[in-house]
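Here is the file upload_0.pdb (PDB, C-alpha atoms and all ligand atoms).
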ATOM      1  CA  MET J   1      -3.455  -4.344 -21.846
ATOM      2  CA  ILE J   2      -5.846  -2.906 -19.290
ATOM      3  CA  LEU J   3      -4.738  -3.869 -15.789
ATOM      4  CA  GLU J   4      -6.830  -4.319 -12.672
ATOM      5  CA  ILE J   5      -6.658  -1.312 -10.379
ATOM      6  CA  VAL J   6      -5.803  -2.135  -6.795
ATOM      7  CA  LYS J   7      -8.259  -0.672  -4.281
ATOM      8  CA  TYR J   8      -7.853   0.722  -0.776
ATOM      9  CA  GLY J   9      -7.334  -2.142   1.666
ATOM     10  CA  SER J  10      -4.730  -3.842  -0.497
ATOM     11  CA  PRO J  11      -1.318  -3.944   1.262
ATOM     12  CA  VAL J  12       0.647  -2.988  -1.893
ATOM     13  CA  LEU J  13      -0.766   0.552  -1.684
ATOM     14  CA  ARG J  14       1.170   0.987   1.562
ATOM     15  CA  GLN J  15       4.477  -0.275   0.147
ATOM     16  CA  LYS J  16       7.275   2.100  -0.712
ATOM     17  CA  GLY J  17       8.277   1.623  -4.336
ATOM     18  CA  ALA J  18      11.685   0.198  -5.169
ATOM     19  CA  LYS J  19      13.940   2.411  -7.283
ATOM     20  CA  ILE J  20      14.066   1.462 -10.950
ATOM     21  CA  GLU J  21      17.644   0.892 -12.062
ATOM     22  CA  SER J  22      17.103   0.259 -15.776
ATOM     23  CA  ILE J  23      14.299   0.346 -18.320
ATOM     24  CA  THR J  24      13.772  -3.337 -19.019
ATOM     25  CA  PRO J  25      11.229  -4.671 -21.546
ATOM     26  CA  GLU J  26       9.007  -5.458 -18.523
ATOM     27  CA  ILE J  27       9.108  -1.821 -17.388
ATOM     28  CA  LYS J  28       8.350  -0.628 -20.942
ATOM     29  CA  LYS J  29       5.340  -2.930 -21.082
ATOM     30  CA  LEU J  30       4.220  -1.803 -17.618
ATOM     31  CA  ILE J  31       4.379   1.867 -18.698
ATOM     32  CA  ALA J  32       2.287   1.168 -21.818
ATOM     33  CA  ASP J  33      -0.240  -0.851 -19.809
ATOM     34  CA  MET J  34      -0.470   1.840 -17.132
ATOM     35  CA  PHE J  35      -1.256   4.506 -19.750
ATOM     36  CA  GLU J  36      -3.906   2.269 -21.279
ATOM     37  CA  THR J  37      -5.412   1.531 -17.854
ATOM     38  CA  MET J  38      -5.396   5.193 -16.825
ATOM     39  CA  ALA J  39      -7.086   6.298 -20.067
ATOM     40  CA  ASP J  40      -9.705   3.577 -19.709
ATOM     41  CA  ARG J  41     -10.609   4.927 -16.252
ATOM     42  CA  HIS J  42     -10.336   8.609 -17.276
ATOM     43  CA  GLY J  43      -7.626   9.167 -14.688
ATOM     44  CA  VAL J  44      -5.090  12.002 -14.612
ATOM     45  CA  GLY J  45      -2.390   9.930 -12.931
ATOM     46  CA  LEU J  46      -1.608   6.352 -12.026
ATOM     47  CA  ALA J  47       1.136   4.943  -9.806
ATOM     48  CA  ALA J  48       2.685   1.490 -10.172
ATOM     49  CA  GLN J  49       1.370   0.500  -6.724
ATOM     50  CA  GLN J  50      -2.152   0.964  -8.099
ATOM     51  CA  VAL J  51      -1.597  -1.902 -10.527
ATOM     52  CA  GLY J  52       0.064  -4.019  -7.843
ATOM     53  CA  VAL J  53       3.727  -3.182  -8.492
ATOM     54  CA  ALA J  54       5.740  -1.481  -5.728
ATOM     55  CA  LYS J  55       8.177   0.497  -7.902
ATOM     56  CA  GLN J  56       9.065   4.183  -8.295
ATOM     57  CA  LEU J  57       7.055   4.695 -11.480
ATOM     58  CA  THR J  58       4.060   6.853 -12.276
ATOM     59  CA  VAL J  59       2.275   8.035 -15.413
ATOM     60  CA  ILE J  60       0.415  11.357 -15.683
ATOM     61  CA  ASP J  61      -1.645  13.088 -18.359
ATOM     62  CA  VAL J  62      -3.612  16.244 -17.539
ATOM     63  CA  ARG J  63      -4.558  17.158 -21.114
ATOM     64  CA  ALA J  64      -8.138  15.888 -20.885
ATOM     65  CA  VAL J  65      -8.920  18.258 -18.000
ATOM     66  CA  THR J  66      -9.875  21.669 -19.382
ATOM     67  CA  ASP J  67     -11.434  23.353 -16.336
ATOM     68  CA  ARG J  68      -8.417  23.076 -13.986
ATOM     69  CA  PRO J  69      -5.317  24.784 -15.343
ATOM     70  CA  SER J  70      -1.734  23.608 -15.023
ATOM     71  CA  THR J  71       1.508  25.520 -15.450
ATOM     72  CA  LEU J  72       4.936  24.302 -16.509
ATOM     73  CA  GLU J  73       8.410  25.842 -16.472
ATOM     74  CA  LEU J  74      11.429  24.303 -18.158
ATOM     75  CA  LYS J  75      14.756  25.922 -17.247
ATOM     76  CA  GLY J  76      12.863  28.887 -15.791
ATOM     77  CA  LYS J  77      10.798  29.499 -18.937
ATOM     78  CA  PRO J  78       7.028  29.000 -19.057
ATOM     79  CA  VAL J  79       6.084  26.404 -21.663
ATOM     80  CA  ASP J  80       2.913  24.651 -22.756
ATOM     81  CA  VAL J  81       2.091  21.758 -20.427
ATOM     82  CA  ALA J  82       1.410  19.592 -23.489
ATOM     83  CA  GLU J  83       5.170  19.634 -24.190
ATOM     84  CA  ILE J  84       5.797  17.005 -21.533
ATOM     85  CA  MET J  85       2.541  15.063 -21.882
ATOM     86  CA  PRO J  86       2.044  12.147 -21.596
ATOM     87  CA  LEU J  87       4.426  12.184 -18.653
ATOM     88  CA  VAL J  88       6.370   9.257 -17.219
ATOM     89  CA  LEU J  89       8.186   9.855 -13.928
ATOM     90  CA  ILE J  90      10.674   7.293 -12.654
ATOM     91  CA  ASN J  91      12.312   7.675  -9.218
ATOM     92  CA  PRO J  92      10.853  11.195  -8.845
ATOM     93  CA  VAL J  93      12.055  13.686  -6.239
ATOM     94  CA  VAL J  94       9.447  16.354  -5.556
ATOM     95  CA  THR J  95      10.215  19.607  -3.726
ATOM     96  CA  PRO J  96       7.364  21.924  -2.686
ATOM     97  CA  VAL J  97       7.637  25.540  -3.829
ATOM     98  CA  GLY J  98       4.344  27.399  -3.454
ATOM     99  CA  GLU J  99       1.976  27.981  -0.565
ATOM    100  CA  PRO J 100      -0.541  25.241   0.245
ATOM    101  CA  VAL J 101      -3.853  25.479  -1.603
ATOM    102  CA  LYS J 102      -6.997  23.411  -1.205
ATOM    103  CA  SER J 103      -8.589  21.687  -4.168
ATOM    104  CA  GLY J 104     -10.694  18.647  -4.946
ATOM    105  CA  GLU J 105      -9.002  15.300  -5.371
ATOM    106  CA  GLY J 106      -9.942  11.720  -6.114
ATOM    107  CA  CYS J 107      -8.021   8.485  -6.607
ATOM    108  CA  LEU J 108      -8.713   5.476  -8.833
ATOM    109  CA  SER J 109      -8.004   3.245  -5.812
ATOM    110  CA  PHE J 110     -10.863   4.986  -3.955
ATOM    111  CA  PRO J 111     -13.854   4.871  -6.325
ATOM    112  CA  GLU J 112     -16.534   7.506  -5.642
ATOM    113  CA  ILE J 113     -14.526   9.128  -2.844
ATOM    114  CA  PHE J 114     -13.546  12.767  -3.288
ATOM    115  CA  ALA J 115     -12.212  15.384  -0.889
ATOM    116  CA  GLU J 116     -10.592  18.780  -0.671
ATOM    117  CA  ILE J 117      -6.877  18.309  -0.035
ATOM    118  CA  SER J 118      -4.341  20.975   0.862
ATOM    119  CA  ARG J 119      -1.043  20.783  -1.047
ATOM    120  CA  PRO J 120       1.649  23.247  -2.143
ATOM    121  CA  GLU J 121       0.571  25.102  -5.294
ATOM    122  CA  SER J 122       3.852  24.477  -7.132
ATOM    123  CA  VAL J 123       6.624  21.896  -7.014
ATOM    124  CA  ASP J 124      10.050  21.277  -8.474
ATOM    125  CA  VAL J 125      10.400  17.826  -9.961
ATOM    126  CA  LYS J 126      13.499  15.789 -10.765
ATOM    127  CA  ALA J 127      13.038  12.340 -12.238
ATOM    128  CA  LEU J 128      13.941  10.011 -15.066
ATOM    129  CA  ASP J 129      11.702   9.729 -18.105
ATOM    130  CA  ALA J 130      10.634   6.573 -19.960
ATOM    131  CA  LYS J 131      14.070   6.380 -21.597
ATOM    132  CA  ALA J 132      15.897   6.834 -18.268
ATOM    133  CA  LYS J 133      16.852  10.369 -19.321
ATOM    134  CA  PRO J 134      16.928  12.901 -16.445
ATOM    135  CA  VAL J 135      14.095  15.441 -16.528
ATOM    136  CA  GLU J 136      13.708  18.546 -14.415
ATOM    137  CA  PHE J 137      10.812  21.017 -14.322
ATOM    138  CA  ARG J 138       8.698  23.263 -12.145
ATOM    139  CA  CYS J 139       4.931  22.896 -12.338
ATOM    140  CA  GLY J 140       1.817  24.374 -10.780
ATOM    141  CA  GLY J 141      -1.934  23.948 -10.646
ATOM    142  CA  LEU J 142      -3.467  20.588 -11.483
ATOM    143  CA  LEU J 143      -0.187  19.108 -12.736
ATOM    144  CA  ALA J 144       1.548  19.955  -9.436
ATOM    145  CA  ARG J 145      -1.319  18.356  -7.554
ATOM    146  CA  ALA J 146      -1.182  15.227  -9.719
ATOM    147  CA  VAL J 147       2.600  14.947  -9.338
ATOM    148  CA  GLN J 148       2.346  15.204  -5.541
ATOM    149  CA  HIS J 149      -0.541  12.734  -5.330
ATOM    150  CA  GLU J 150       1.349  10.193  -7.455
ATOM    151  CA  ALA J 151       4.709  10.736  -5.731
ATOM    152  CA  ASP J 152       2.892  10.027  -2.457
ATOM    153  CA  HIS J 153       1.662   6.696  -3.879
ATOM    154  CA  LEU J 154       5.261   5.744  -4.702
ATOM    155  CA  ASN J 155       6.087   6.202  -1.019
ATOM    156  CA  GLY J 156       3.069   4.245   0.213
ATOM    157  CA  LEU J 157       1.160   7.406   1.126
ATOM    158  CA  LEU J 158      -2.477   7.927   0.167
ATOM    159  CA  PHE J 159      -4.659  11.035  -0.194
ATOM    160  CA  ILE J 160      -6.589  10.028   2.928
ATOM    161  CA  ASP J 161      -3.336  10.696   4.843
ATOM    162  CA  ARG J 162      -3.461  14.300   3.578
ATOM    163  CA  MET J 163      -7.094  14.963   4.509
ATOM    164  CA  ASP J 164      -7.892  17.135   7.472
ATOM    165  CA  LYS J 165      -9.298  15.255  10.459
ATOM    166  CA  LYS J 166     -12.870  16.410   9.987
ATOM    167  CA  THR J 167     -13.007  15.385   6.310
ATOM    168  CA  LYS J 168     -11.477  12.004   7.053
ATOM    169  CA  ALA J 169     -13.887  11.392   9.943
ATOM    170  CA  GLU J 170     -16.843  12.136   7.654
ATOM    171  CA  LEU J 171     -15.556   9.697   5.027
ATOM    172  CA  GLN J 172     -14.533   7.013   7.536
ATOM    173  CA  PRO J 173     -17.646   4.807   7.089
ATOM    174  CA  GLU J 174     -17.111   4.726   3.299
ATOM    175  CA  LEU J 175     -13.392   4.066   3.747
ATOM    176  CA  ASP J 176     -14.042   1.223   6.180
ATOM    177  CA  GLU J 177     -16.551  -0.327   3.786
ATOM    178  CA  LEU J 178     -14.175  -0.111   0.806
ATOM    179  CA  GLN J 179     -11.342  -1.596   2.862
ATOM    180  CA  ALA J 180     -13.553  -4.492   4.022
ATOM    181  CA  ILE J 181     -14.696  -5.256   0.448
ATOM    182  CA  THR J 182     -11.082  -5.231  -0.806
ATOM    183  CA  LYS J 183      -9.889  -7.499   2.005
ATOM    184  CA  ALA J 184     -12.738  -9.959   1.429
ATOM    185  CA  LYS J 185     -11.848 -10.112  -2.285
ATOM    186  CA  LEU J 186      -8.155 -10.668  -1.511
ATOM    187  CA  GLN J 187      -9.009 -13.595   0.786
ATOM    188  CA  LYS J 188     -10.968 -15.322  -1.970
ATOM    189  CA  LYS J 189      -8.003 -15.177  -4.356
TER     190      LYS J 189
HETATM  191 NI    NI Y   1      -4.306   7.939  -6.374
END
Starting from the file, give its structure as structure tokens.
Ligand code: NI
Amino acid sequence: MILEIVKYGSPVLRQKGAKIESITPEIKKLIADMFETMADRHGVGLAAQQVGVAKQLTVIDVRAVTDRPSTLELKGKPVDVAEIMPLVLINPVVTPVGEPVKSGEGCLSFPEIFAEISRPESVDVKALDAKAKPVEFRCGGLLARAVQHEADHLNGLLFIDRMDKKTKAELQPELDELQAITKAKLQKK
């Protein structure tokens, strides 16, 4: 089922996600629906907050992006990124490894808004997968960026919080407009 994507201005985007203790049928359904929703919107990642659920759950799939490479290491060995795609991360812990690099970023909760964001090039990730099995890997490039963007969502952080001041100031009118539209819609509900 395709879910409605929550837009900037909705309070749930600022909520820290609750830890998931077990994979219930509801969580399984949510994971399937999030993948369907993300594919429908041609997204690379989607966090539970973006479909209105404040939980530590995100889905990622970078395979459709061919012009921005990703790297993956499992137990210190480079492997094909496709090996862990599509990726479900539950209760992820993300540790930066590489130097910060700037690259373009967008977010399905901020339609039409894009900016260069500085983030560490690589990260170590520990999480549970869709079967509550522990997973551990190091990744770089687009996948590392996606993981960090989504892990931020799970903590109520948004990519606008990572923008430099000048970029954010330039986008402020658009952000204010989006926020106002979202709030007006929420009041009608
Ligand atoms: Ni996002």
Cut-off 10 Å, all atoms listed in the file, neighbours of ligand NI 1 (chain Y) as a compact mmCIF listing (two decimals) with C-alpha atoms, keeping the file's coordinate frame:
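Dumped everything to part_3.txt:
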# COMPACT_ATOMS: atom_id res chain seq x y z
CA LYS J 7 -8.26 -0.67 -4.28
CA TYR J 8 -7.85 0.72 -0.78
CA LEU J 13 -0.77 0.55 -1.68
CA GLY J 43 -7.63 9.17 -14.69
CA VAL J 44 -5.09 12.00 -14.61
CA GLY J 45 -2.39 9.93 -12.93
CA LEU J 46 -1.61 6.35 -12.03
CA ALA J 47 1.14 4.94 -9.81
CA GLN J 49 1.37 0.50 -6.72
CA GLN J 50 -2.15 0.96 -8.10
CA GLU J 105 -9.00 15.30 -5.37
CA GLY J 106 -9.94 11.72 -6.11
CA CYS J 107 -8.02 8.48 -6.61
CA LEU J 108 -8.71 5.48 -8.83
CA SER J 109 -8.00 3.24 -5.81
CA PHE J 110 -10.86 4.99 -3.96
CA ALA J 146 -1.18 15.23 -9.72
CA GLN J 148 2.35 15.20 -5.54
CA HIS J 149 -0.54 12.73 -5.33
CA GLU J 150 1.35 10.19 -7.46
CA ALA J 151 4.71 10.74 -5.73
CA ASP J 152 2.89 10.03 -2.46
CA HIS J 153 1.66 6.70 -3.88
CA LEU J 154 5.26 5.74 -4.70
CA LEU J 157 1.16 7.41 1.13
CA LEU J 158 -2.48 7.93 0.17
CA PHE J 159 -4.66 11.04 -0.19
CA ILE J 160 -6.59 10.03 2.93
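Across the structure, CA of Arg14 (chain J) and CA of Asn91 (chain J) are spaced 16.9 Å apart.
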Å distance separating CA of Pro134 (chain J) from CA of Ala32 (chain J), one decimal place: 19.5 Å
Residues returned when the PyMOL selection byres (((chain J and resi 122) around 6) and not hetatm) runs on this file, as a PDB file with C-alpha atoms, keeping the file's coordinate frame:
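Final file, expr31.pdb:
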ATOM      1  CA  VAL J  97       7.637  25.540  -3.829  1.00  0.00           C
ATOM      2  CA  GLY J  98       4.344  27.399  -3.454  1.00  0.00           C
ATOM      3  CA  PRO J 120       1.649  23.247  -2.143  1.00  0.00           C
ATOM      4  CA  GLU J 121       0.571  25.102  -5.294  1.00  0.00           C
ATOM      5  CA  VAL J 123       6.624  21.896  -7.014  1.00  0.00           C
ATOM      6  CA  CYS J 139       4.931  22.896 -12.338  1.00  0.00           C
ATOM      7  CA  GLY J 140       1.817  24.374 -10.780  1.00  0.00           C
ATOM      8  CA  ALA J 144       1.548  19.955  -9.436  1.00  0.00           C
TER       9      ALA J 144
END
Polymer residues at most 12 Å from Lys131 (chain J), all atoms listed in the file, same-chain spacing of 4 or more positions, as a ChimeraX atom specification: /J:20-25,27-28,31,87-90,127,135
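Shell of Ile117 (chain J) at 10 Å, with all atoms listed in the file counted and residues fewer than 3 places along the chain excluded, is J:Pro100, J:Val101, J:Lys102, J:Ser103, J:Gly104, J:Glu105, J:Gly106, J:Phe114, J:Arg145, J:His149, J:Phe159, J:Ile160, J:Asp161, J:Arg162, J:Met163, J:Asp164, J:Thr167.
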Would you mind writing region 116-141 of chain J with N, CA, C and O atoms, as a PDB file, in the frame of the given file?
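Result file is rebuild_27.pdb:
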ATOM      1  N   GLU J 116     -11.477  17.635  -0.526  1.00  0.00           N
ATOM      2  CA  GLU J 116     -10.592  18.780  -0.671  1.00  0.00           C
ATOM      3  C   GLU J 116      -9.300  18.460   0.070  1.00  0.00           C
ATOM      4  O   GLU J 116      -9.330  18.072   1.244  1.00  0.00           O
ATOM      5  N   ILE J 117      -8.178  18.622  -0.634  1.00  0.00           N
ATOM      6  CA  ILE J 117      -6.877  18.309  -0.035  1.00  0.00           C
ATOM      7  C   ILE J 117      -5.978  19.538  -0.179  1.00  0.00           C
ATOM      8  O   ILE J 117      -5.940  20.149  -1.237  1.00  0.00           O
ATOM      9  N   SER J 118      -5.265  19.855   0.886  1.00  0.00           N
ATOM     10  CA  SER J 118      -4.341  20.975   0.862  1.00  0.00           C
ATOM     11  C   SER J 118      -2.951  20.490   0.451  1.00  0.00           C
ATOM     12  O   SER J 118      -2.410  19.563   1.050  1.00  0.00           O
ATOM     13  N   ARG J 119      -2.399  21.120  -0.588  1.00  0.00           N
ATOM     14  CA  ARG J 119      -1.043  20.783  -1.047  1.00  0.00           C
ATOM     15  C   ARG J 119      -0.378  22.057  -1.576  1.00  0.00           C
ATOM     16  O   ARG J 119      -1.061  22.958  -2.046  1.00  0.00           O
ATOM     17  N   PRO J 120       0.954  22.100  -1.555  1.00  0.00           N
ATOM     18  CA  PRO J 120       1.649  23.247  -2.143  1.00  0.00           C
ATOM     19  C   PRO J 120       1.215  23.479  -3.595  1.00  0.00           C
ATOM     20  O   PRO J 120       1.025  22.514  -4.339  1.00  0.00           O
ATOM     21  N   GLU J 121       1.083  24.755  -3.966  1.00  0.00           N
ATOM     22  CA  GLU J 121       0.571  25.102  -5.294  1.00  0.00           C
ATOM     23  C   GLU J 121       1.544  24.702  -6.409  1.00  0.00           C
ATOM     24  O   GLU J 121       1.124  24.323  -7.498  1.00  0.00           O
ATOM     25  N   SER J 122       2.840  24.795  -6.107  1.00  0.00           N
ATOM     26  CA  SER J 122       3.852  24.477  -7.132  1.00  0.00           C
ATOM     27  C   SER J 122       4.894  23.529  -6.552  1.00  0.00           C
ATOM     28  O   SER J 122       5.113  23.519  -5.338  1.00  0.00           O
ATOM     29  N   VAL J 123       5.546  22.795  -7.445  1.00  0.00           N
ATOM     30  CA  VAL J 123       6.624  21.896  -7.014  1.00  0.00           C
ATOM     31  C   VAL J 123       7.729  21.866  -8.058  1.00  0.00           C
ATOM     32  O   VAL J 123       7.494  22.093  -9.249  1.00  0.00           O
ATOM     33  N   ASP J 124       8.935  21.591  -7.587  1.00  0.00           N
ATOM     34  CA  ASP J 124      10.050  21.277  -8.474  1.00  0.00           C
ATOM     35  C   ASP J 124      10.164  19.766  -8.552  1.00  0.00           C
ATOM     36  O   ASP J 124      10.059  19.078  -7.527  1.00  0.00           O
ATOM     37  N   VAL J 125      10.360  19.271  -9.745  1.00  0.00           N
ATOM     38  CA  VAL J 125      10.400  17.826  -9.961  1.00  0.00           C
ATOM     39  C   VAL J 125      11.703  17.434 -10.654  1.00  0.00           C
ATOM     40  O   VAL J 125      12.111  18.077 -11.626  1.00  0.00           O
ATOM     41  N   LYS J 126      12.348  16.416 -10.114  1.00  0.00           N
ATOM     42  CA  LYS J 126      13.499  15.789 -10.765  1.00  0.00           C
ATOM     43  C   LYS J 126      13.178  14.312 -10.869  1.00  0.00           C
ATOM     44  O   LYS J 126      12.764  13.699  -9.877  1.00  0.00           O
ATOM     45  N   ALA J 127      13.370  13.753 -12.045  1.00  0.00           N
ATOM     46  CA  ALA J 127      13.038  12.340 -12.238  1.00  0.00           C
ATOM     47  C   ALA J 127      13.756  11.827 -13.475  1.00  0.00           C
ATOM     48  O   ALA J 127      14.488  12.575 -14.138  1.00  0.00           O
ATOM     49  N   LEU J 128      13.522  10.565 -13.788  1.00  0.00           N
ATOM     50  CA  LEU J 128      13.941  10.011 -15.066  1.00  0.00           C
ATOM     51  C   LEU J 128      12.695   9.826 -15.908  1.00  0.00           C
ATOM     52  O   LEU J 128      11.616   9.555 -15.374  1.00  0.00           O
ATOM     53  N   ASP J 129      12.852   9.970 -17.229  1.00  0.00           N
ATOM     54  CA  ASP J 129      11.702   9.729 -18.105  1.00  0.00           C
ATOM     55  C   ASP J 129      11.694   8.264 -18.566  1.00  0.00           C
ATOM     56  O   ASP J 129      12.473   7.442 -18.071  1.00  0.00           O
ATOM     57  N   ALA J 130      10.823   7.965 -19.530  1.00  0.00           N
ATOM     58  CA  ALA J 130      10.634   6.573 -19.960  1.00  0.00           C
ATOM     59  C   ALA J 130      11.878   5.978 -20.616  1.00  0.00           C
ATOM     60  O   ALA J 130      11.985   4.762 -20.787  1.00  0.00           O
ATOM     61  N   LYS J 131      12.823   6.877 -20.997  1.00  0.00           N
ATOM     62  CA  LYS J 131      14.070   6.380 -21.597  1.00  0.00           C
ATOM     63  C   LYS J 131      15.227   6.485 -20.615  1.00  0.00           C
ATOM     64  O   LYS J 131      16.388   6.462 -21.017  1.00  0.00           O
ATOM     65  N   ALA J 132      14.895   6.690 -19.337  1.00  0.00           N
ATOM     66  CA  ALA J 132      15.897   6.834 -18.268  1.00  0.00           C
ATOM     67  C   ALA J 132      16.723   8.107 -18.417  1.00  0.00           C
ATOM     68  O   ALA J 132      17.815   8.214 -17.873  1.00  0.00           O
ATOM     69  N   LYS J 133      16.191   9.070 -19.164  1.00  0.00           N
ATOM     70  CA  LYS J 133      16.852  10.369 -19.321  1.00  0.00           C
ATOM     71  C   LYS J 133      16.405  11.274 -18.171  1.00  0.00           C
ATOM     72  O   LYS J 133      15.212  11.342 -17.863  1.00  0.00           O
ATOM     73  N   PRO J 134      17.345  12.013 -17.538  1.00  0.00           N
ATOM     74  CA  PRO J 134      16.928  12.901 -16.445  1.00  0.00           C
ATOM     75  C   PRO J 134      16.031  14.031 -16.946  1.00  0.00           C
ATOM     76  O   PRO J 134      16.307  14.620 -17.989  1.00  0.00           O
ATOM     77  N   VAL J 135      14.974  14.307 -16.217  1.00  0.00           N
ATOM     78  CA  VAL J 135      14.095  15.441 -16.528  1.00  0.00           C
ATOM     79  C   VAL J 135      13.981  16.309 -15.276  1.00  0.00           C
ATOM     80  O   VAL J 135      14.051  15.805 -14.146  1.00  0.00           O
ATOM     81  N   GLU J 136      13.810  17.604 -15.505  1.00  0.00           N
ATOM     82  CA  GLU J 136      13.708  18.546 -14.415  1.00  0.00           C
ATOM     83  C   GLU J 136      12.733  19.626 -14.828  1.00  0.00           C
ATOM     84  O   GLU J 136      12.833  20.165 -15.934  1.00  0.00           O
ATOM     85  N   PHE J 137      11.753  19.942 -13.984  1.00  0.00           N
ATOM     86  CA  PHE J 137      10.812  21.017 -14.322  1.00  0.00           C
ATOM     87  C   PHE J 137      10.149  21.533 -13.056  1.00  0.00           C
ATOM     88  O   PHE J 137      10.218  20.909 -11.997  1.00  0.00           O
ATOM     89  N   ARG J 138       9.545  22.727 -13.201  1.00  0.00           N
ATOM     90  CA  ARG J 138       8.698  23.263 -12.145  1.00  0.00           C
ATOM     91  C   ARG J 138       7.272  23.276 -12.679  1.00  0.00           C
ATOM     92  O   ARG J 138       7.055  23.621 -13.850  1.00  0.00           O
ATOM     93  N   CYS J 139       6.311  22.868 -11.861  1.00  0.00           N
ATOM     94  CA  CYS J 139       4.931  22.896 -12.338  1.00  0.00           C
ATOM     95  C   CYS J 139       4.011  23.417 -11.249  1.00  0.00           C
ATOM     96  O   CYS J 139       4.359  23.464 -10.069  1.00  0.00           O
ATOM     97  N   GLY J 140       2.810  23.841 -11.702  1.00  0.00           N
ATOM     98  CA  GLY J 140       1.817  24.374 -10.780  1.00  0.00           C
ATOM     99  C   GLY J 140       0.435  23.893 -11.163  1.00  0.00           C
ATOM    100  O   GLY J 140       0.249  23.210 -12.177  1.00  0.00           O
ATOM    101  N   GLY J 141      -0.542  24.270 -10.353  1.00  0.00           N
ATOM    102  CA  GLY J 141      -1.934  23.948 -10.646  1.00  0.00           C
ATOM    103  C   GLY J 141      -2.206  22.450 -10.590  1.00  0.00           C
ATOM    104  O   GLY J 141      -1.634  21.731  -9.771  1.00  0.00           O
TER     105      GLY J 141
END
